[in-house]
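Participant: You'll find query_25.pdb just under this line, and it carries PDB, C-alpha atoms, pLDDT in the B column.
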ATOM      1  CA  MET A 283      69.818-112.420  88.502  1.00 49.00           C
ATOM      2  CA  GLY A 284      67.875-110.526  85.805  1.00 51.00           C
ATOM      3  CA  PHE A 285      69.391-109.805  82.399  1.00 49.00           C
ATOM      4  CA  SER A 286      69.771-106.091  83.201  1.00 52.00           C
ATOM      5  CA  SER A 287      71.935-106.871  86.216  1.00 60.00           C
ATOM      6  CA  PHE A 288      73.861-109.568  84.331  1.00 56.00           C
ATOM      7  CA  PHE A 289      74.534-107.305  81.344  1.00 51.00           C
ATOM      8  CA  SER A 290      75.584-104.413  83.581  1.00 47.00           C
ATOM      9  CA  LYS A 291      78.071-106.598  85.447  1.00 52.00           C
ATOM     10  CA  GLN A 292      79.452-107.928  82.162  1.00 48.00           C
ATOM     11  CA  ALA A 293      79.842-104.362  80.889  1.00 54.00           C
ATOM     12  CA  ARG A 294      81.886-103.561  83.992  1.00 61.00           C
ATOM     13  CA  LYS A 295      83.988-106.742  83.960  1.00 55.00           C
ATOM     14  CA  PRO A 296      83.478-109.100  80.990  1.00 53.00           C
ATOM     15  CA  ALA A 297      83.992-112.763  81.772  1.00 58.00           C
ATOM     16  CA  GLY A 298      83.391-116.210  80.321  1.00 54.00           C
ATOM     17  CA  LEU A 299      82.061-116.962  76.870  1.00 44.00           C
ATOM     18  CA  PHE A 300      79.527-114.122  77.060  1.00 49.00           C
ATOM     19  CA  GLY A 301      82.297-111.646  77.763  1.00 43.00           C
ATOM     20  CA  ARG A 302      84.622-113.093  75.152  1.00 51.00           C
ATOM     21  CA  PHE A 303      82.174-113.194  72.265  1.00 42.00           C
ATOM     22  CA  PHE A 304      79.239-110.874  73.005  1.00 49.00           C
ATOM     23  CA  MET A 305      80.717-108.093  75.119  1.00 48.00           C
ATOM     24  CA  SER A 306      83.860-107.865  72.985  1.00 51.00           C
ATOM     25  CA  ALA A 307      81.646-107.191  69.955  1.00 55.00           C
ATOM     26  CA  VAL A 308      79.655-104.624  71.955  1.00 55.00           C
ATOM     27  CA  PHE A 309      82.880-102.851  72.911  1.00 61.00           C
ATOM     28  CA  ASP A 310      84.437-102.934  69.442  1.00 60.00           C
ATOM     29  CA  PHE A 311      81.377-101.675  67.594  1.00 59.00           C
ATOM     30  CA  GLY A 312      79.525 -99.809  70.328  1.00 63.00           C
ATOM     31  CA  ASN A 313      82.595 -97.836  71.378  1.00 75.00           C
ATOM     32  CA  ALA A 314      83.782 -97.036  67.867  1.00 83.00           C
ATOM     33  CA  ASN A 315      82.543 -93.436  67.798  1.00 89.00           C
ATOM     34  CA  LEU A 316      83.776 -92.736  71.327  1.00 90.00           C
ATOM     35  CA  ASN A 317      87.166 -94.244  70.490  1.00 92.00           C
ATOM     36  CA  ASN A 318      87.371 -91.931  67.489  1.00 94.00           C
ATOM     37  CA  LEU A 319      86.529 -88.869  69.598  1.00 95.00           C
ATOM     38  CA  VAL A 320      89.039 -89.763  72.297  1.00 96.00           C
ATOM     39  CA  PHE A 321      91.776 -90.526  69.783  1.00 97.00           C
ATOM     40  CA  GLU A 322      91.254 -87.190  68.024  1.00 96.00           C
ATOM     41  CA  LYS A 323      91.386 -85.255  71.309  1.00 97.00           C
ATOM     42  CA  MET A 324      94.535 -87.042  72.434  1.00 97.00           C
ATOM     43  CA  SER A 325      96.713 -85.943  69.476  1.00 96.00           C
ATOM     44  CA  VAL A 326      99.215 -88.681  70.277  1.00 97.00           C
ATOM     45  CA  GLY A 327     102.884 -87.808  69.784  1.00 96.00           C
ATOM     46  CA  LYS A 328     105.499 -90.189  68.431  1.00 97.00           C
ATOM     47  CA  ASP A 329     107.344 -90.412  71.764  1.00 97.00           C
ATOM     48  CA  ASP A 330     104.446 -90.154  74.216  1.00 98.00           C
ATOM     49  CA  GLN A 331     103.982 -92.394  77.239  1.00 98.00           C
ATOM     50  CA  VAL A 332     100.298 -93.335  77.386  1.00 98.00           C
ATOM     51  CA  LEU A 333      98.091 -95.194  79.860  1.00 98.00           C
ATOM     52  CA  GLU A 334      94.635 -96.510  79.007  1.00 98.00           C
ATOM     53  CA  ILE A 335      92.387 -97.399  81.932  1.00 98.00           C
ATOM     54  CA  GLY A 336      89.951-100.158  81.021  1.00 95.00           C
ATOM     55  CA  SER A 337      91.688-101.097  77.784  1.00 94.00           C
ATOM     56  CA  GLY A 338      89.071-103.683  76.805  1.00 91.00           C
ATOM     57  CA  THR A 339      89.833-105.530  73.577  1.00 91.00           C
ATOM     58  CA  GLY A 340      92.839-103.300  72.876  1.00 95.00           C
ATOM     59  CA  LYS A 341      91.397-101.610  69.804  1.00 95.00           C
ATOM     60  CA  LEU A 342      92.090 -98.017  70.871  1.00 97.00           C
ATOM     61  CA  ILE A 343      95.545 -98.767  72.239  1.00 97.00           C
ATOM     62  CA  ASN A 344      96.436-100.456  68.949  1.00 97.00           C
ATOM     63  CA  ARG A 345      95.563 -97.261  67.108  1.00 97.00           C
ATOM     64  CA  ILE A 346      97.540 -95.207  69.613  1.00 98.00           C
ATOM     65  CA  ALA A 347     100.626 -97.398  69.245  1.00 97.00           C
ATOM     66  CA  ASN A 348     100.487 -97.029  65.459  1.00 97.00           C
ATOM     67  CA  GLN A 349     101.500 -93.390  66.029  1.00 96.00           C
ATOM     68  CA  PHE A 350     104.661 -94.227  67.962  1.00 96.00           C
ATOM     69  CA  ASP A 351     108.316 -94.124  67.035  1.00 94.00           C
ATOM     70  CA  TRP A 352     109.687 -94.464  70.571  1.00 95.00           C
ATOM     71  CA  GLY A 353     106.495 -94.033  72.554  1.00 97.00           C
ATOM     72  CA  THR A 354     104.935 -96.751  74.688  1.00 98.00           C
ATOM     73  CA  ALA A 355     101.440 -97.509  75.932  1.00 98.00           C
ATOM     74  CA  ILE A 356     100.180 -99.478  78.896  1.00 98.00           C
ATOM     75  CA  GLY A 357      96.675-100.859  79.021  1.00 98.00           C
ATOM     76  CA  ILE A 358      95.251-101.806  82.405  1.00 98.00           C
ATOM     77  CA  ASP A 359      92.071-103.840  82.805  1.00 94.00           C
ATOM     78  CA  PHE A 360      90.810-106.089  85.582  1.00 87.00           C
ATOM     79  CA  SER A 361      89.068-108.476  83.182  1.00 90.00           C
ATOM     80  CA  GLU A 362      91.258-111.454  82.308  1.00 92.00           C
ATOM     81  CA  THR A 363      89.043-112.057  79.264  1.00 90.00           C
ATOM     82  CA  MET A 364      89.698-108.569  77.906  1.00 89.00           C
ATOM     83  CA  VAL A 365      93.444-108.634  78.614  1.00 95.00           C
ATOM     84  CA  THR A 366      93.771-111.915  76.718  1.00 93.00           C
ATOM     85  CA  MET A 367      91.916-110.496  73.712  1.00 92.00           C
ATOM     86  CA  ALA A 368      93.872-107.228  73.805  1.00 95.00           C
ATOM     87  CA  GLU A 369      97.185-109.076  73.849  1.00 97.00           C
ATOM     88  CA  LYS A 370      96.172-111.102  70.804  1.00 95.00           C
ATOM     89  CA  ARG A 371      95.150-107.968  68.920  1.00 95.00           C
ATOM     90  CA  ASN A 372      98.409-106.204  69.785  1.00 97.00           C
ATOM     91  CA  LYS A 373     100.896-109.054  69.299  1.00 97.00           C
ATOM     92  CA  LEU A 374     103.167-107.059  67.001  1.00 97.00           C
ATOM     93  CA  HIS A 375     103.189-103.931  69.177  1.00 98.00           C
ATOM     94  CA  ILE A 376     103.941-106.053  72.241  1.00 98.00           C
ATOM     95  CA  LYS A 377     106.775-107.783  70.402  1.00 97.00           C
ATOM     96  CA  ASN A 378     108.199-104.388  69.409  1.00 96.00           C
ATOM     97  CA  GLY A 379     108.019-103.109  72.978  1.00 97.00           C
ATOM     98  CA  LYS A 380     105.412-100.450  72.241  1.00 97.00           C
ATOM     99  CA  VAL A 381     102.518-101.935  74.237  1.00 98.00           C
ATOM    100  CA  ARG A 382     102.061-103.774  77.512  1.00 98.00           C
ATOM    101  CA  PHE A 383      98.872-104.956  79.196  1.00 98.00           C
ATOM    102  CA  ILE A 384      98.352-105.382  82.916  1.00 97.00           C
ATOM    103  CA  LYS A 385      95.525-107.348  84.521  1.00 97.00           C
ATOM    104  CA  ALA A 386      94.772-105.285  87.603  1.00 96.00           C
ATOM    105  CA  ASP A 387      92.495-102.750  89.256  1.00 95.00           C
ATOM    106  CA  PHE A 388      93.897 -99.306  88.430  1.00 97.00           C
ATOM    107  CA  ASP A 389      93.149 -97.970  91.913  1.00 96.00           C
ATOM    108  CA  GLU A 390      95.218-100.715  93.533  1.00 95.00           C
ATOM    109  CA  PHE A 391      98.085-101.190  91.061  1.00 96.00           C
ATOM    110  CA  PRO A 392     101.303 -99.295  91.950  1.00 96.00           C
ATOM    111  CA  LEU A 393     102.440 -96.785  89.314  1.00 96.00           C
ATOM    112  CA  GLU A 394     105.162 -94.156  89.448  1.00 96.00           C
ATOM    113  CA  SER A 395     104.218 -90.513  89.843  1.00 97.00           C
ATOM    114  CA  GLU A 396     104.492 -88.276  86.770  1.00 98.00           C
ATOM    115  CA  GLN A 397     104.987 -91.279  84.486  1.00 97.00           C
ATOM    116  CA  PHE A 398     102.603 -90.567  81.597  1.00 98.00           C
ATOM    117  CA  ASP A 399     102.074 -87.818  79.048  1.00 98.00           C
ATOM    118  CA  MET A 400      98.478 -88.947  78.564  1.00 98.00           C
ATOM    119  CA  VAL A 401      95.854 -91.046  80.281  1.00 98.00           C
ATOM    120  CA  CYS A 402      92.693 -92.082  78.451  1.00 98.00           C
ATOM    121  CA  SER A 403      89.610 -94.095  79.263  1.00 97.00           C
ATOM    122  CA  VAL A 404      86.449 -94.924  77.317  1.00 95.00           C
ATOM    123  CA  ASN A 405      83.127 -95.881  78.927  1.00 90.00           C
ATOM    124  CA  THR A 406      84.628 -96.753  82.318  1.00 90.00           C
ATOM    125  CA  ILE A 407      83.897 -93.757  84.540  1.00 92.00           C
ATOM    126  CA  TYR A 408      80.491 -95.223  85.460  1.00 87.00           C
ATOM    127  CA  PHE A 409      82.304 -98.114  87.157  1.00 86.00           C
ATOM    128  CA  TRP A 410      84.759 -96.147  89.297  1.00 91.00           C
ATOM    129  CA  GLU A 411      83.873 -97.281  92.806  1.00 90.00           C
ATOM    130  CA  LYS A 412      85.733 -94.354  94.401  1.00 94.00           C
ATOM    131  CA  PRO A 413      85.733 -91.625  91.724  1.00 95.00           C
ATOM    132  CA  GLY A 414      87.680 -89.161  93.854  1.00 96.00           C
ATOM    133  CA  VAL A 415      90.438 -91.681  94.554  1.00 97.00           C
ATOM    134  CA  THR A 416      90.652 -92.701  90.895  1.00 97.00           C
ATOM    135  CA  ALA A 417      90.768 -89.109  89.656  1.00 98.00           C
ATOM    136  CA  GLU A 418      93.478 -88.176  92.164  1.00 98.00           C
ATOM    137  CA  LYS A 419      95.595 -91.165  91.147  1.00 98.00           C
ATOM    138  CA  ILE A 420      95.238 -90.256  87.466  1.00 98.00           C
ATOM    139  CA  HIS A 421      96.414 -86.752  88.315  1.00 98.00           C
ATOM    140  CA  SER A 422      99.409 -88.141  90.191  1.00 98.00           C
ATOM    141  CA  VAL A 423     100.613 -90.434  87.377  1.00 98.00           C
ATOM    142  CA  LEU A 424     100.435 -87.675  84.753  1.00 98.00           C
ATOM    143  CA  LYS A 425     103.475 -85.543  84.008  1.00 98.00           C
ATOM    144  CA  PRO A 426     103.124 -81.766  84.482  1.00 97.00           C
ATOM    145  CA  ARG A 427     100.848 -80.466  81.713  1.00 96.00           C
ATOM    146  CA  GLY A 428      99.852 -84.052  81.012  1.00 97.00           C
ATOM    147  CA  LYS A 429      96.475 -84.706  79.425  1.00 98.00           C
ATOM    148  CA  LEU A 430      93.521 -86.812  80.567  1.00 98.00           C
ATOM    149  CA  VAL A 431      90.910 -87.755  77.954  1.00 98.00           C
ATOM    150  CA  ILE A 432      87.696 -89.523  78.984  1.00 97.00           C
ATOM    151  CA  GLY A 433      84.975 -90.698  76.608  1.00 95.00           C
ATOM    152  CA  LEU A 434      81.494 -91.481  77.899  1.00 92.00           C
ATOM    153  CA  GLU A 435      77.890 -91.580  76.871  1.00 86.00           C
ATOM    154  CA  ASP A 436      75.697 -88.787  78.166  1.00 82.00           C
ATOM    155  CA  SER A 437      74.075 -89.621  81.493  1.00 75.00           C
ATOM    156  CA  GLU A 438      70.613 -88.505  80.336  1.00 76.00           C
ATOM    157  CA  GLU A 439      70.792 -91.020  77.483  1.00 74.00           C
ATOM    158  CA  LEU A 440      71.977 -93.824  79.741  1.00 69.00           C
ATOM    159  CA  LYS A 441      69.130 -93.202  82.178  1.00 69.00           C
ATOM    160  CA  LYS A 442      66.724 -94.319  79.442  1.00 68.00           C
ATOM    161  CA  ARG A 443      68.272 -97.795  79.324  1.00 69.00           C
ATOM    162  CA  LYS A 444      67.631-100.667  81.683  1.00 68.00           C
ATOM    163  CA  LEU A 445      70.954-100.594  83.499  1.00 64.00           C
ATOM    164  CA  SER A 446      71.623-101.691  87.058  1.00 58.00           C
ATOM    165  CA  ASP A 447      71.980 -98.770  89.449  1.00 64.00           C
ATOM    166  CA  ASP A 448      74.179-100.983  91.621  1.00 63.00           C
ATOM    167  CA  VAL A 449      76.755-101.224  88.806  1.00 60.00           C
ATOM    168  CA  PHE A 450      76.394 -98.056  86.734  1.00 67.00           C
ATOM    169  CA  HIS A 451      77.064 -94.809  88.588  1.00 77.00           C
ATOM    170  CA  LEU A 452      76.120 -91.998  86.234  1.00 82.00           C
ATOM    171  CA  HIS A 453      77.683 -88.543  86.339  1.00 87.00           C
ATOM    172  CA  SER A 454      76.512 -85.285  84.814  1.00 90.00           C
ATOM    173  CA  LYS A 455      79.017 -83.079  83.005  1.00 92.00           C
ATOM    174  CA  SER A 456      79.067 -80.618  85.898  1.00 93.00           C
ATOM    175  CA  GLU A 457      79.713 -83.449  88.365  1.00 94.00           C
ATOM    176  CA  ILE A 458      82.641 -84.682  86.272  1.00 95.00           C
ATOM    177  CA  GLU A 459      84.096 -81.188  86.074  1.00 96.00           C
ATOM    178  CA  SER A 460      83.820 -80.805  89.857  1.00 96.00           C
ATOM    179  CA  LEU A 461      85.404 -84.226  90.394  1.00 96.00           C
ATOM    180  CA  LEU A 462      88.424 -83.361  88.252  1.00 97.00           C
ATOM    181  CA  LEU A 463      88.880 -79.928  89.774  1.00 97.00           C
ATOM    182  CA  LYS A 464      88.966 -81.463  93.252  1.00 97.00           C
ATOM    183  CA  ALA A 465      91.542 -83.987  92.000  1.00 97.00           C
ATOM    184  CA  GLY A 466      93.860 -81.146  91.009  1.00 97.00           C
ATOM    185  CA  PHE A 467      93.166 -80.517  87.334  1.00 96.00           C
ATOM    186  CA  GLN A 468      93.370 -76.733  87.541  1.00 89.00           C
ATOM    187  CA  ASN A 469      94.900 -75.961  84.121  1.00 88.00           C
ATOM    188  CA  GLY A 470      91.821 -76.433  82.004  1.00 90.00           C
ATOM    189  CA  ILE A 471      88.855 -78.793  81.676  1.00 96.00           C
ATOM    190  CA  GLU A 472      86.915 -79.002  78.422  1.00 96.00           C
ATOM    191  CA  ILE A 473      83.826 -81.142  77.868  1.00 96.00           C
ATOM    192  CA  THR A 474      82.459 -81.430  74.339  1.00 94.00           C
ATOM    193  CA  SER A 475      79.295 -83.228  73.248  1.00 92.00           C
ATOM    194  CA  SER A 476      78.341 -84.647  69.880  1.00 89.00           C
ATOM    195  CA  ALA A 477      75.292 -86.494  68.598  1.00 87.00           C
ATOM    196  CA  HIS A 478      75.622 -89.765  66.718  1.00 81.00           C
ATOM    197  CA  GLY A 479      72.146 -90.742  65.657  1.00 78.00           C
ATOM    198  CA  SER A 480      70.073 -90.874  68.825  1.00 76.00           C
ATOM    199  CA  THR A 481      73.165 -91.188  71.036  1.00 84.00           C
ATOM    200  CA  VAL A 482      74.903 -88.218  72.668  1.00 87.00           C
ATOM    201  CA  LEU A 483      78.597 -88.721  73.380  1.00 90.00           C
ATOM    202  CA  ASN A 484      80.774 -86.636  75.693  1.00 93.00           C
ATOM    203  CA  CYS A 485      84.525 -86.220  75.578  1.00 96.00           C
ATOM    204  CA  VAL A 486      86.337 -84.751  78.580  1.00 97.00           C
ATOM    205  CA  VAL A 487      89.817 -83.254  78.272  1.00 98.00           C
ATOM    206  CA  ALA A 488      91.623 -82.158  81.443  1.00 98.00           C
ATOM    207  CA  ILE A 489      95.156 -80.772  81.722  1.00 97.00           C
ATOM    208  CA  LYS A 490      97.290 -81.260  84.830  1.00 97.00           C
TER     209      LYS A 490
END
Step by step, read the file and then write its structure as structure tokens.

Facilitator:
Amino acid sequence: MGFSSFFSKQARKPAGLFGRFFMSAVFDFGNANLNNLVFEKMSVGKDDQVLEIGSGTGKLINRIANQFDWGTAIGIDFSETMVTMAEKRNKLHIKNGKVRFIKADFDEFPLESEQFDMVCSVNTIYFWEKPGVTAEKIHSVLKPRGKLVIGLEDSEELKKRKLSDDVFHLHSKSEIESLLLKAGFQNGIEITSSAHGSTVLNCVVAIK
């Protein structure tokens, strides 16, 4: 296995010492600007019920939970390495009942319909094996007028990197908009782009 394939698979599902030490640093520092964009677009309320798909090291969900009085957040990730790290980072919020982490595949884990005010996800859409299924499930777990916020790097920028096509499935902005419309997000889809150095970041906001 070449390094490109190995790195791509670790980006999708970090594991072992490489995932624990190297990929966690990549996520914390490499996702910082995207986390900021997503957090700003979310406008988290004090009593909101929030789900993060692919919660990684738990950095974003920690910031979300800091806004809560009675709100709660669930982070779901299928990497045991990431869930362990996220739980350590969020010990106090977990103790106070504000945060819970689940090791599972979002597509397969049972969740109640109309459970969340917001769903967010950063740098995971490339790894959705069945994008239509995932988008439809997100729509189903959101309350009426609930908000989905997705952060991702621009596909044209990612094409310049040596990433495995078998792991990374890139989507243009128009493809993402079409995907969400088909999933039922008919009340507004906004995609904004911003440049951070040589990197272009996109933030998608869709209302149920």

Participant: So that I can see what lies close to segment 321-337 of chain A, please list as a PyMOL selection string the residues with an atom at most 7 Å from it, counting all atoms listed in the file and leaving out residues fewer than 3 positions away in the same chain.

Facilitator: chain A and resi 317-318+340+346+349-359+388+398-403+406+431

Participant: Go ahead and write the selection's residues with C-alpha atoms as a PDB file, keeping the file's coordinate frame.

Facilitator:
ATOM      1  CA  ASN A 317      87.166 -94.244  70.490  1.00 92.00           C
ATOM      2  CA  ASN A 318      87.371 -91.931  67.489  1.00 94.00           C
ATOM      3  CA  GLY A 340      92.839-103.300  72.876  1.00 95.00           C
ATOM      4  CA  ILE A 346      97.540 -95.207  69.613  1.00 98.00           C
ATOM      5  CA  GLN A 349     101.500 -93.390  66.029  1.00 96.00           C
ATOM      6  CA  PHE A 350     104.661 -94.227  67.962  1.00 96.00           C
ATOM      7  CA  ASP A 351     108.316 -94.124  67.035  1.00 94.00           C
ATOM      8  CA  TRP A 352     109.687 -94.464  70.571  1.00 95.00           C
ATOM      9  CA  GLY A 353     106.495 -94.033  72.554  1.00 97.00           C
ATOM     10  CA  THR A 354     104.935 -96.751  74.688  1.00 98.00           C
ATOM     11  CA  ALA A 355     101.440 -97.509  75.932  1.00 98.00           C
ATOM     12  CA  ILE A 356     100.180 -99.478  78.896  1.00 98.00           C
ATOM     13  CA  GLY A 357      96.675-100.859  79.021  1.00 98.00           C
ATOM     14  CA  ILE A 358      95.251-101.806  82.405  1.00 98.00           C
ATOM     15  CA  ASP A 359      92.071-103.840  82.805  1.00 94.00           C
ATOM     16  CA  PHE A 388      93.897 -99.306  88.430  1.00 97.00           C
ATOM     17  CA  PHE A 398     102.603 -90.567  81.597  1.00 98.00           C
ATOM     18  CA  ASP A 399     102.074 -87.818  79.048  1.00 98.00           C
ATOM     19  CA  MET A 400      98.478 -88.947  78.564  1.00 98.00           C
ATOM     20  CA  VAL A 401      95.854 -91.046  80.281  1.00 98.00           C
ATOM     21  CA  CYS A 402      92.693 -92.082  78.451  1.00 98.00           C
ATOM     22  CA  SER A 403      89.610 -94.095  79.263  1.00 97.00           C
ATOM     23  CA  THR A 406      84.628 -96.753  82.318  1.00 90.00           C
ATOM     24  CA  VAL A 431      90.910 -87.755  77.954  1.00 98.00           C
TER      25      VAL A 431
END

Participant: Just give me the gap between atom CA of Ile432 of chain A and atom CA of His451 of chain A in Å, one decimal is fine.

Facilitator: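 Calculated distance between atom CA of Ile432 of chain A and atom CA of His451 of chain A is 15.3 Å.
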
Participant: Output the residue selection produced by the PyMOL selection byres ((chain A and resi 480-489) around 7) on the file above, formatted as number ranges by chain.

Facilitator: A: 316, 319-320, 427-436, 439, 467, 469-479, 490

Participant: Give as a ChimeraX atom specification the set of residues within 9 Å of the point (97.3, -106.3, 68.7), where distances use the file's coordinates and only C-alpha atoms.

Facilitator: /A:339-341,343-344,367-376,381

Participant: How would the residues just picked look written out with C-alpha atoms as a compact mmCIF listing (two decimals), in the frame of the given file?

Facilitator:
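File written: result-v2.txt
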# COMPACT_ATOMS: atom_id res chain seq x y z
CA THR A 339 89.83 -105.53 73.58
CA GLY A 340 92.84 -103.30 72.88
CA LYS A 341 91.40 -101.61 69.80
CA ILE A 343 95.54 -98.77 72.24
CA ASN A 344 96.44 -100.46 68.95
CA MET A 367 91.92 -110.50 73.71
CA ALA A 368 93.87 -107.23 73.81
CA GLU A 369 97.18 -109.08 73.85
CA LYS A 370 96.17 -111.10 70.80
CA ARG A 371 95.15 -107.97 68.92
CA ASN A 372 98.41 -106.20 69.78
CA LYS A 373 100.90 -109.05 69.30
CA LEU A 374 103.17 -107.06 67.00
CA HIS A 375 103.19 -103.93 69.18
CA ILE A 376 103.94 -106.05 72.24
CA VAL A 381 102.52 -101.94 74.24

Participant: Selection in question (the file shown): the PyMOL selection byres ((chain A and resi 410) around 10). Which residues does it include, as a PyMOL selection string?

Facilitator: chain A and resi 294+388-389+406-409+411-417+449-451
